[in-house]
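Undergrad: Could you have a look at this structure, given as structure tokens, before my questions?
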Protein chains: 2
Amino acid sequence: MRLKQYLQERALLVDEHLSTLLPRETEYPQIIHEAMQYSIFAGGKRLRPIMCLAGVEALGKEYEPYLPVACALEMIHTYSLIHDDLPAMDNDDYRRGKLTSHKVYGEDIAILAGDALLTHAFEVLATAAEGLPGEKRMLRVIREVAMASGTRGMIGGQVVDVQSEGKAITPLTLDYIHTHKTGALFRAAVRSGALLTGASENELSALTEYAECFGLVFQITDDLLDILGDEKILGKPVGSDEKNQKGTYPSLYGIEKSKELAREAVDKAVKSLEPLRGNTEPLILLARYLIERKS
Amino acid sequence: MRLKQYLQERALLVDEHLSTLLPRETEYPQIIHEAMQYSIFAGGKRLRPIMCLAGVEALGKEYEPYLPVACALEMIHTYSLIHDDLPAMDNDDYRRGKLTSHKVYGEDIAILAGDALLTHAFEVLATAAEGLPGEKRMLRVIREVAMASGTRGMIGGQVVDVQSEGKAITPLTLDYIHTHKTGALFRAAVRSGALLTGASENELSALTEYAECFGLVFQITDDLLDILGDEKILGKPVGSDEKNQKGTYPSLYGIEKSKELAREAVDKAVKSLEPLRGNTEPLILLARYLIERKS
């Protein structure tokens, strides 16, 4: 299976489903629905939904019934980006080469569009339960997704990140930020599909270890791209971490050591999948992608 | 039953439960948990949770098991106030006589505290299901609460409100704003407890009609207080609607006609409860309170 083709096909499938799950741009009040669509279809790689579906496949199950769940995760990810980009937060004008939400729609609508995507994600999860076996399992998934997105997960990481800017940070704080700000949602992504299929504790812990390694590699390579990446491919300026005096893996460990840490974590992620009996190739491809990615 | 005593007792009970459901202020990262607690305990009247519990009583059931659900609604209401007060929205420095979240914690933490309360509400709902009979009914409640809070509910109303400022609005737009911005969450509040008890369609439609009348009275009396209220009791300046050129009931219909509309809607709310066999006195008191309230 070729990596690029696989990712493109899956992203397309996720995009098609996102279209059906979001209110149309023509629905009143139009501006908020336009703003939601604008950010959802702003070129995201769909890593979280793809990981959710790949987790289901690694357990030997069909992934199609879990597409709404996968899409809900992308809505939460997108809301977090809209709010992170606001002037009061990172104050970014561009993301993936496109103007950020508040630059197009104004700060008020951008805040509300983020709120709306977060809210809609939970509506999608609760609604999706109806079509799935083991309806009650969705309550556990909703709880996990909310925890992963809240102050004990993503929001907690963002708070510490915002508060650490311009300060010297310890490896422990750096670890807290990445495991919470980005790691928690990857973890919830791979676990949510699995939980809905009725995965065993052993299967869940294999997937959880995979996701934790994946999150680490994602953050290290994200930091490396901010130094070594190509602005045109990234769609945003490089060097922003240094400018904002952000603690990063390369700033704490150096570039070569960071690359080595990333490679080790990919190997560990792949190894953690060994106990699983389904098709683990998609998850392996996804982990390898992180090392090769240019954006 | 004396109105004031009843409201105070119920608010106290809700407050006690809110304390147990929110992360403590001492939990890392402290600032976000402090900010969540600050706004939750900023003197809210707890109308939505009280209405949720009163709806359960009107069906002849015990309300205690539904306290977490009632509290989740207050978290959503509080998140909406934090975001509404932001400089990019209504830009309010005070609410209920206390500094608004962004004035105390900064805009970045205020945005995140709102996000966190919204997220936590869904975690509380999903977790509360475990202790309740008819666990699966919670999925319907989560869907209803999310819809009531999203762009087809509260956020939709807020969008049209923000976009209408300084413009002449029609009675139809005014109606859209109040039924969505405030009405939808009242409706979800009274329905969510009822849905969890397994209420019949007839019971649900009686409670829904009550909530819709209640929402209308709430909005009319809110508009009237902005003209006739006492700043000291309100804890915020009066006359802000006129200053912001907001379309209101008094501006469209005049003060006397608005008062008449409110009285009619209270009578209709009370009448809608007739088919119910439980204790409807709490819901009746709650509706009467709106006419008498000074803040």
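By order of appearance in the structure tokens: chains A, B, ..., then residues from 1 within every chain, and ligands from 1 in the order shown.
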Would you kindly return, as a list of chain:residue names, each protein, DNA or RNA residue with an atom no farther than 6 Å from any atom of Gly215 of chain A, considering only C-alpha atoms and excluding same-chain residues fewer than 3 positions away?
TA: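 Contacts, with the query itself left out: A:Gly183, A:Glu212, A:Phe218.
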Undergrad: So that I have them on file, write out the residues from the current selection with C-alpha atoms, as an mmCIF file, in the first residue's frame.
TA:
data_model
loop_
_atom_site.group_PDB
_atom_site.id
_atom_site.type_symbol
_atom_site.label_atom_id
_atom_site.label_comp_id
_atom_site.auth_asym_id
_atom_site.auth_seq_id
_atom_site.Cartn_x
_atom_site.Cartn_y
_atom_site.Cartn_z
ATOM 1 C CA GLY A 183 -1.320 13.677 22.597
ATOM 2 C CA GLU A 212 1.143 7.807 22.977
ATOM 3 C CA PHE A 218 4.016 14.198 16.045
#
Undergrad: Using only C-alpha atoms, which chain A residues lie at most 6 Å away from chain B, written as a PyMOL selection string?
TA: chain A and resi 88-89+107-108+116+119+123+126+136+139+143+146+150
Undergrad: Between B:Val56, B:Ile284, B:Cys71, B:Ala35, which is the closest to His102 of chain B once you count only C-alpha atoms?
TA: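 Closest candidate: B:Ala35.
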Undergrad: Taking the backbone alone, and naming residues the way the document does, which bits of segment 57-275 of chain B are alpha helix (DSSP H) by DSSP, as number ranges by chain?
TA: B: 57-58, 67-85, 101-105, 107-128, 137-149, 154-164, 171-178, 184-197, 201-228, 231-234, 240-243, 249-253, 255-272
Undergrad: For Gly44 of chain B, which residue among B:Lys103, B:Lys167, B:Arg95, B:Lys294 is the nearest when counting only C-alpha atoms?
TA: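 Checking each candidate against Gly44 of chain B, we get B:Arg95 as the closest.
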Undergrad: Looking at only C-alpha atoms, which of B:Val270, B:Ile227, B:Leu67, B:Val238 is the one that sits closest to Pro250 of chain B?
TA: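 Closest to Pro250 of chain B of all the choices is B:Ile227.
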Undergrad: Atom CA of Leu99 of chain A and atom CA of Ile291 of chain A are how many Å apart?
TA: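 Taking atom CA of Leu99 of chain A and atom CA of Ile291 of chain A, their separation equals 27.2 Å.
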Undergrad: Write out as a PyMOL selection string the residues lying within 12 Å of Glu16 of chain A, counting only C-alpha atoms and excluding same-chain residues fewer than 6 positions away.
TA: chain A and resi 9-10+22+40-41+46+67-68+71
Undergrad: Go through A:Glu62, A:Glu256, A:Asp92, A:Glu34 one by one, measure the shortest atom-to-atom distance of each to Gly193 of chain A using only C-alpha atoms, and give the residue with the smallest value.
TA: A:Glu62
Undergrad: One decimal, in Å: what's the spacing between atom CA of Ser101 of chain A and atom CA of Gln37 of chain A?
TA: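 If I compute the distance from atom CA of Ser101 of chain A to atom CA of Gln37 of chain A, I get 10.4 Å.
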Undergrad: What is the distance, in Å and to one decimal place, between atom CA of Ala11 of chain A and atom CA of Asp175 of chain A?
TA: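 Interatomic distance, atom CA of Ala11 of chain A to atom CA of Asp175 of chain A: 29.1 Å.
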Undergrad: Between A:Ala58, A:Leu252, A:Ala72, A:Leu225, which one has atoms that come closest to Glu292 of chain A, using only C-alpha atoms?
TA: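 Looking only at the distances to Glu292 of chain A, the closest residue turns out to be A:Leu225.
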